[in-house]
>>> print(open('model-v1.txt').read())   # compact mmCIF, C-alpha atoms and all ligand atoms
# COMPACT_ATOMS: atom_id res chain seq x y z
CA VAL A 26 109.35 138.26 150.26
CA LEU A 27 106.27 136.26 150.99
CA ALA A 28 108.28 133.27 152.16
CA TRP A 29 107.49 131.81 155.54
CA SER A 30 110.22 133.55 157.55
CA GLY A 31 109.22 132.66 161.10
CA ALA A 32 108.99 128.90 160.79
CA GLY A 33 112.11 126.94 161.66
CA ALA A 34 113.35 129.65 163.99
CA GLY A 35 111.90 127.86 166.99
CA ALA A 36 108.93 130.18 167.08
CA GLY A 37 105.49 128.94 168.03
CA ALA A 38 102.70 128.77 165.53
CA GLY A 39 101.25 132.09 166.59
CA THR A 40 104.57 133.91 166.31
CA ALA A 41 105.37 132.27 163.04
CA SER A 42 102.07 133.40 161.71
CA ASP A 43 102.76 136.90 163.08
CA ASP A 44 106.14 136.91 161.34
CA HIS A 45 104.48 135.85 158.18
CA PHE A 46 101.94 138.60 158.54
CA THR A 47 104.65 141.19 159.22
CA VAL A 48 106.56 140.26 156.10
CA SER A 49 103.43 140.26 154.02
CA SER A 50 102.22 143.58 155.28
CA SER A 51 105.57 145.28 154.77
CA ALA A 52 105.61 143.91 151.26
CA LEU A 53 102.14 145.29 150.76
CA GLN A 54 103.23 148.65 152.12
CA ARG A 55 106.19 148.72 149.77
CA GLY A 56 103.85 147.92 146.92
CA ALA A 57 101.58 150.76 147.97
CA LEU A 58 104.50 153.20 148.08
CA VAL A 59 105.59 152.19 144.63
CA GLN A 60 102.06 152.72 143.43
CA MET A 61 101.87 156.14 145.03
CA ALA A 62 105.13 157.18 143.43
CA ALA A 63 103.88 156.01 140.06
CA SER A 64 100.69 158.04 140.31
CA ALA A 65 102.32 161.14 141.86
CA GLY A 66 102.86 163.00 138.58
CA ASP A 67 100.21 165.02 136.78
CA GLY A 68 100.13 162.61 133.89
CA THR A 69 102.17 164.72 131.47
CA ASP A 70 105.38 162.85 132.13
CA ALA A 71 103.86 159.45 131.51
CA ALA A 72 106.37 156.85 130.38
CA PRO A 73 106.86 156.97 126.60
CA ALA A 74 105.06 154.24 124.71
CA PRO A 75 107.43 151.32 124.05
CA SER A 76 108.92 151.64 120.59
CA PRO A 77 107.84 148.90 118.20
CA ALA A 78 110.18 145.92 118.03
CA PRO A 79 112.58 146.12 115.08
CA PRO A 80 111.66 143.79 112.23
CA LEU A 81 113.23 140.36 112.51
CA PRO A 82 115.92 139.50 109.98
CA PRO A 83 114.89 136.78 107.53
CA ASN A 84 115.23 133.38 109.18
CA PRO A 85 118.04 131.60 107.34
CA ASN A 86 117.03 128.29 108.92
CA PRO A 87 113.25 127.95 108.76
CA PHE A 88 113.39 124.21 109.42
CA GLY A 89 115.35 124.56 112.65
CA TRP A 90 118.37 122.45 111.77
CA ASP A 91 120.80 122.58 114.64
CA PHE A 92 124.44 121.69 114.18
CA SER A 93 125.64 123.24 117.43
CA LYS A 94 125.87 119.79 119.03
CA PRO A 95 128.23 117.11 117.75
CA VAL A 96 126.68 114.85 115.17
CA ARG A 97 125.67 111.47 116.58
CA LYS A 98 128.51 108.95 116.46
CA SER A 99 128.19 105.86 114.36
CA ARG A 100 127.09 102.80 116.31
CA ALA A 101 129.26 99.70 116.23
CA ASP A 102 127.06 98.01 113.62
CA ARG A 103 127.06 101.01 111.32
CA LEU A 104 129.72 102.22 108.98
CA ILE A 105 130.03 105.74 107.66
CA MET A 106 130.82 105.57 103.95
CA ASP A 107 130.66 107.84 100.93
CA LEU A 108 128.55 105.89 98.45
CA PRO A 109 127.89 106.81 94.84
CA VAL A 110 124.49 108.49 94.74
CA ALA A 111 123.65 106.30 91.77
CA ALA A 112 124.31 103.15 93.80
CA ILE A 113 121.54 103.76 96.29
CA ARG A 114 118.27 102.05 95.54
CA ARG A 115 115.16 103.80 96.77
CA PRO A 116 112.33 101.29 96.52
CA LEU A 117 109.72 103.67 97.94
CA ARG A 118 110.74 106.71 95.95
CA ARG A 119 107.59 106.85 93.85
CA THR A 120 105.23 106.53 96.77
CA ARG A 121 106.69 109.23 99.03
CA ALA A 122 106.45 112.85 98.02
CA ASN A 123 109.18 115.26 99.08
CA ASN A 124 108.58 118.72 100.46
CA GLU A 125 109.88 120.90 97.66
CA GLU A 126 110.79 123.80 99.93
CA LYS A 127 112.82 121.50 102.16
CA VAL A 128 114.72 120.04 99.24
CA GLU A 129 115.59 123.53 98.03
CA ALA A 130 116.65 124.67 101.50
CA LEU A 131 118.81 121.56 101.83
CA MET A 132 120.37 122.16 98.42
CA ALA A 133 121.39 125.64 99.56
CA SER A 134 122.67 124.43 102.91
CA ILE A 135 124.50 121.36 101.65
CA GLY A 136 125.99 123.45 98.83
CA GLU A 137 127.30 125.85 101.43
CA ILE A 138 128.35 123.72 104.42
CA GLY A 139 128.11 120.15 103.14
CA LEU A 140 126.06 117.26 104.48
CA GLN A 141 126.22 117.42 108.28
CA GLU A 142 124.32 114.22 109.04
CA PRO A 143 124.73 111.11 106.87
CA ILE A 144 121.67 109.38 105.51
CA ASP A 145 120.82 105.90 106.76
CA VAL A 146 121.23 103.07 104.30
CA LEU A 147 120.73 99.31 104.56
CA GLU A 148 123.10 96.91 102.87
CA TYR A 149 121.71 93.62 101.69
CA GLU A 150 123.64 91.22 99.45
CA GLY A 151 125.98 93.94 98.24
CA ASN A 152 123.19 96.37 97.36
CA TYR A 153 122.39 99.59 99.20
CA TYR A 154 118.85 100.60 100.05
CA GLY A 155 117.73 103.99 101.30
CA PHE A 156 114.34 104.41 102.95
CA SER A 157 114.84 107.66 104.81
CA GLY A 158 116.90 110.78 104.21
CA CYS A 159 114.80 111.37 101.09
CA HIS A 160 115.26 115.14 101.11
CA ARG A 161 119.01 114.96 101.56
CA TYR A 162 119.24 112.33 98.86
CA GLU A 163 117.14 114.41 96.46
CA ALA A 164 119.23 117.50 97.23
CA HIS A 165 122.36 115.53 96.30
CA VAL A 166 120.82 114.32 93.06
CA ARG A 167 119.81 117.84 92.06
CA LEU A 168 123.15 119.30 93.04
CA GLY A 169 124.75 116.73 90.74
CA LYS A 170 126.82 115.25 93.56
CA GLU A 171 128.51 111.98 92.73
CA PHE A 172 128.76 110.73 96.32
CA ILE A 173 126.64 110.96 99.42
CA ARG A 174 127.77 110.22 102.98
CA CYS A 175 125.84 107.27 104.38
CA ARG A 176 125.49 105.45 107.66
CA VAL A 177 125.38 101.86 106.45
CA ARG A 178 123.88 98.97 108.39
CA LYS A 179 123.88 95.37 107.25
CA ALA A 180 120.37 94.01 106.93
CA ASP A 181 118.86 90.58 106.46
CA ALA A 182 115.96 89.75 104.17
CA SER A 183 113.32 90.20 106.84
CA THR A 184 114.62 93.65 107.86
CA LEU A 185 114.59 94.72 104.25
CA ARG A 186 111.08 93.35 103.77
CA MET A 187 109.92 95.22 106.85
CA HIS A 188 111.23 98.49 105.42
CA MET A 189 109.44 97.86 102.14
CA MET A 190 106.05 97.79 103.86
P1 LIG B 1 115.38 113.95 105.17
O1 LIG B 1 114.22 113.42 104.38
O2 LIG B 1 116.63 114.09 104.35
O3 LIG B 1 115.64 113.21 106.45
P2 LIG B 1 114.46 116.12 106.82
O4 LIG B 1 113.98 117.47 106.43
O5 LIG B 1 113.53 115.24 107.54
O6 LIG B 1 114.98 115.45 105.50
O7 LIG B 1 115.75 116.31 107.67
C1 LIG B 1 116.84 117.00 107.15
C2 LIG B 1 118.02 116.44 107.86
O8 LIG B 1 119.19 116.83 107.17
C3 LIG B 1 118.16 116.95 109.28
O9 LIG B 1 118.34 115.82 110.12
C4 LIG B 1 119.43 117.76 109.24
O10 LIG B 1 120.12 117.61 110.45
C5 LIG B 1 120.19 117.06 108.12
N1 LIG B 1 121.25 117.82 107.47
C6 LIG B 1 122.44 117.29 107.12
N2 LIG B 1 123.20 118.19 106.51
C7 LIG B 1 122.49 119.33 106.45
C8 LIG B 1 122.75 120.60 105.95
N3 LIG B 1 123.90 120.92 105.37
N4 LIG B 1 121.82 121.53 106.09
C9 LIG B 1 120.65 121.24 106.66
N5 LIG B 1 120.32 120.04 107.16
C10 LIG B 1 121.23 119.09 107.07
>>> encode(input="model-v1.txt", output="structure tokens")
Amino acid sequence: VLAWSGAGAGAGAGTASDDHFTVSSSALQRGALVQMAASAGDGTDAAPAPSPAPPLPPNPNPFGWDFSKPVRKSRADRLIMDLPVAAIRRPLRRTRANNEEKVEALMASIGEIGLQEPIDVLEYEGNYYGFSGCHRYEAHVRLGKEFIRCRVRKADASTLRMHMM
């Protein structure tokens, strides 16, 4: 309503500014009318207080996992494979603590709908190394799963060394 309505219509600056003023003042008048209507009653028919919002249902996904979009495709240098859980070496396992709540939530979710996003694994000289996906890996171990879906990338010694740091 407050848009500059006169400009662009070929009007001079004065007219444009008059137009603008006209629009503004009519908007103000409308506002005043609305206000008058709102205060016309004697106060007894005041709008009822808004009822309190209903309690939210428990959030089944407190960590915000979202599987509504397609899972990222494997890149050319990565293979999706089901590897034996026992075959994955986790060199940093002892130095990185897992979030217990997350592991438990993942156990429930993976038990129900399966692993939706493979864990990333490096392959070096026929051995598989996992540095991330710790919670998914741990959930698989605790669920007693024999295999875990992995996105495998071939690594050289220097890449592996870098991940160890
Ligand atoms: P992680 O250490 O395993 O990477 P995060 O909590 O950082 O643990 O991430 C959990 C990941 O697990 C998310 O990327 C999520 O998309 C993925 N995921 C795969 N399958 C499931 C599942 N069934 N339920 C919940 N998350 C899943």
>>> residues_near_ligand(input="model-v1.txt", ligand="ligand LIG 1 (chain B)", cutoff="9 Å", atoms="only C-alpha atoms and all ligand atoms", output="PDB file with C-alpha atoms, in the frame of the given file")
ATOM      1  CA  ASN A  86     117.030 128.290 108.920  1.00  0.00           C
ATOM      2  CA  PHE A  88     113.390 124.210 109.420  1.00  0.00           C
ATOM      3  CA  GLY A  89     115.350 124.560 112.650  1.00  0.00           C
ATOM      4  CA  TRP A  90     118.370 122.450 111.770  1.00  0.00           C
ATOM      5  CA  ASP A  91     120.800 122.580 114.640  1.00  0.00           C
ATOM      6  CA  PHE A  92     124.440 121.690 114.180  1.00  0.00           C
ATOM      7  CA  VAL A  96     126.680 114.850 115.170  1.00  0.00           C
ATOM      8  CA  ASN A 123     109.180 115.260  99.080  1.00  0.00           C
ATOM      9  CA  ASN A 124     108.580 118.720 100.460  1.00  0.00           C
ATOM     10  CA  LYS A 127     112.820 121.500 102.160  1.00  0.00           C
ATOM     11  CA  VAL A 128     114.720 120.040  99.240  1.00  0.00           C
ATOM     12  CA  ALA A 130     116.650 124.670 101.500  1.00  0.00           C
ATOM     13  CA  LEU A 131     118.810 121.560 101.830  1.00  0.00           C
ATOM     14  CA  MET A 132     120.370 122.160  98.420  1.00  0.00           C
ATOM     15  CA  ALA A 133     121.390 125.640  99.560  1.00  0.00           C
ATOM     16  CA  SER A 134     122.670 124.430 102.910  1.00  0.00           C
ATOM     17  CA  ILE A 135     124.500 121.360 101.650  1.00  0.00           C
ATOM     18  CA  GLY A 136     125.990 123.450  98.830  1.00  0.00           C
ATOM     19  CA  GLU A 137     127.300 125.850 101.430  1.00  0.00           C
ATOM     20  CA  ILE A 138     128.350 123.720 104.420  1.00  0.00           C
ATOM     21  CA  GLY A 139     128.110 120.150 103.140  1.00  0.00           C
ATOM     22  CA  LEU A 140     126.060 117.260 104.480  1.00  0.00           C
ATOM     23  CA  GLN A 141     126.220 117.420 108.280  1.00  0.00           C
ATOM     24  CA  GLU A 142     124.320 114.220 109.040  1.00  0.00           C
ATOM     25  CA  PRO A 143     124.730 111.110 106.870  1.00  0.00           C
ATOM     26  CA  ILE A 144     121.670 109.380 105.510  1.00  0.00           C
ATOM     27  CA  ASP A 145     120.820 105.900 106.760  1.00  0.00           C
ATOM     28  CA  SER A 157     114.840 107.660 104.810  1.00  0.00           C
ATOM     29  CA  GLY A 158     116.900 110.780 104.210  1.00  0.00           C
ATOM     30  CA  CYS A 159     114.800 111.370 101.090  1.00  0.00           C
ATOM     31  CA  HIS A 160     115.260 115.140 101.110  1.00  0.00           C
ATOM     32  CA  ARG A 161     119.010 114.960 101.560  1.00  0.00           C
ATOM     33  CA  TYR A 162     119.240 112.330  98.860  1.00  0.00           C
ATOM     34  CA  GLU A 163     117.140 114.410  96.460  1.00  0.00           C
ATOM     35  CA  ALA A 164     119.230 117.500  97.230  1.00  0.00           C
TER      36      ALA A 164
END
>>> atom_distance(input="model-v1.txt", atom1="atom CA of A:Ile113", atom2="atom CA of A:Glu125")
20.8 Å
>>> closest_residue(input="model-v1.txt", among="A:Ala122, A:Leu168, A:Ala182, A:Ala112", to="A:Tyr154", atoms="only C-alpha atoms")
A:Ala112
>>> closest_residue(input="model-v1.txt", among="A:His165, A:Asn84, A:Lys179, A:Phe172", to="A:Tyr149", atoms="all atoms listed in the file")
A:Lys179
>>> atom_distance(input="model-v1.txt", atom1="atom CA of A:Asn152", atom2="atom CA of A:Asp181")
11.6 Å
>>> atom_distance(input="model-v1.txt", atom1="atom CA of A:Arg167", atom2="atom CA of A:Leu117")
18.4 Å
>>> residues_around(input="model-v1.txt", residues="A:Tyr153", least_positions_apart="2", cutoff="9 Å", atoms="all atoms listed in the file", output="ChimeraX atom specification")
/A:108,112-115,146-151,155,177
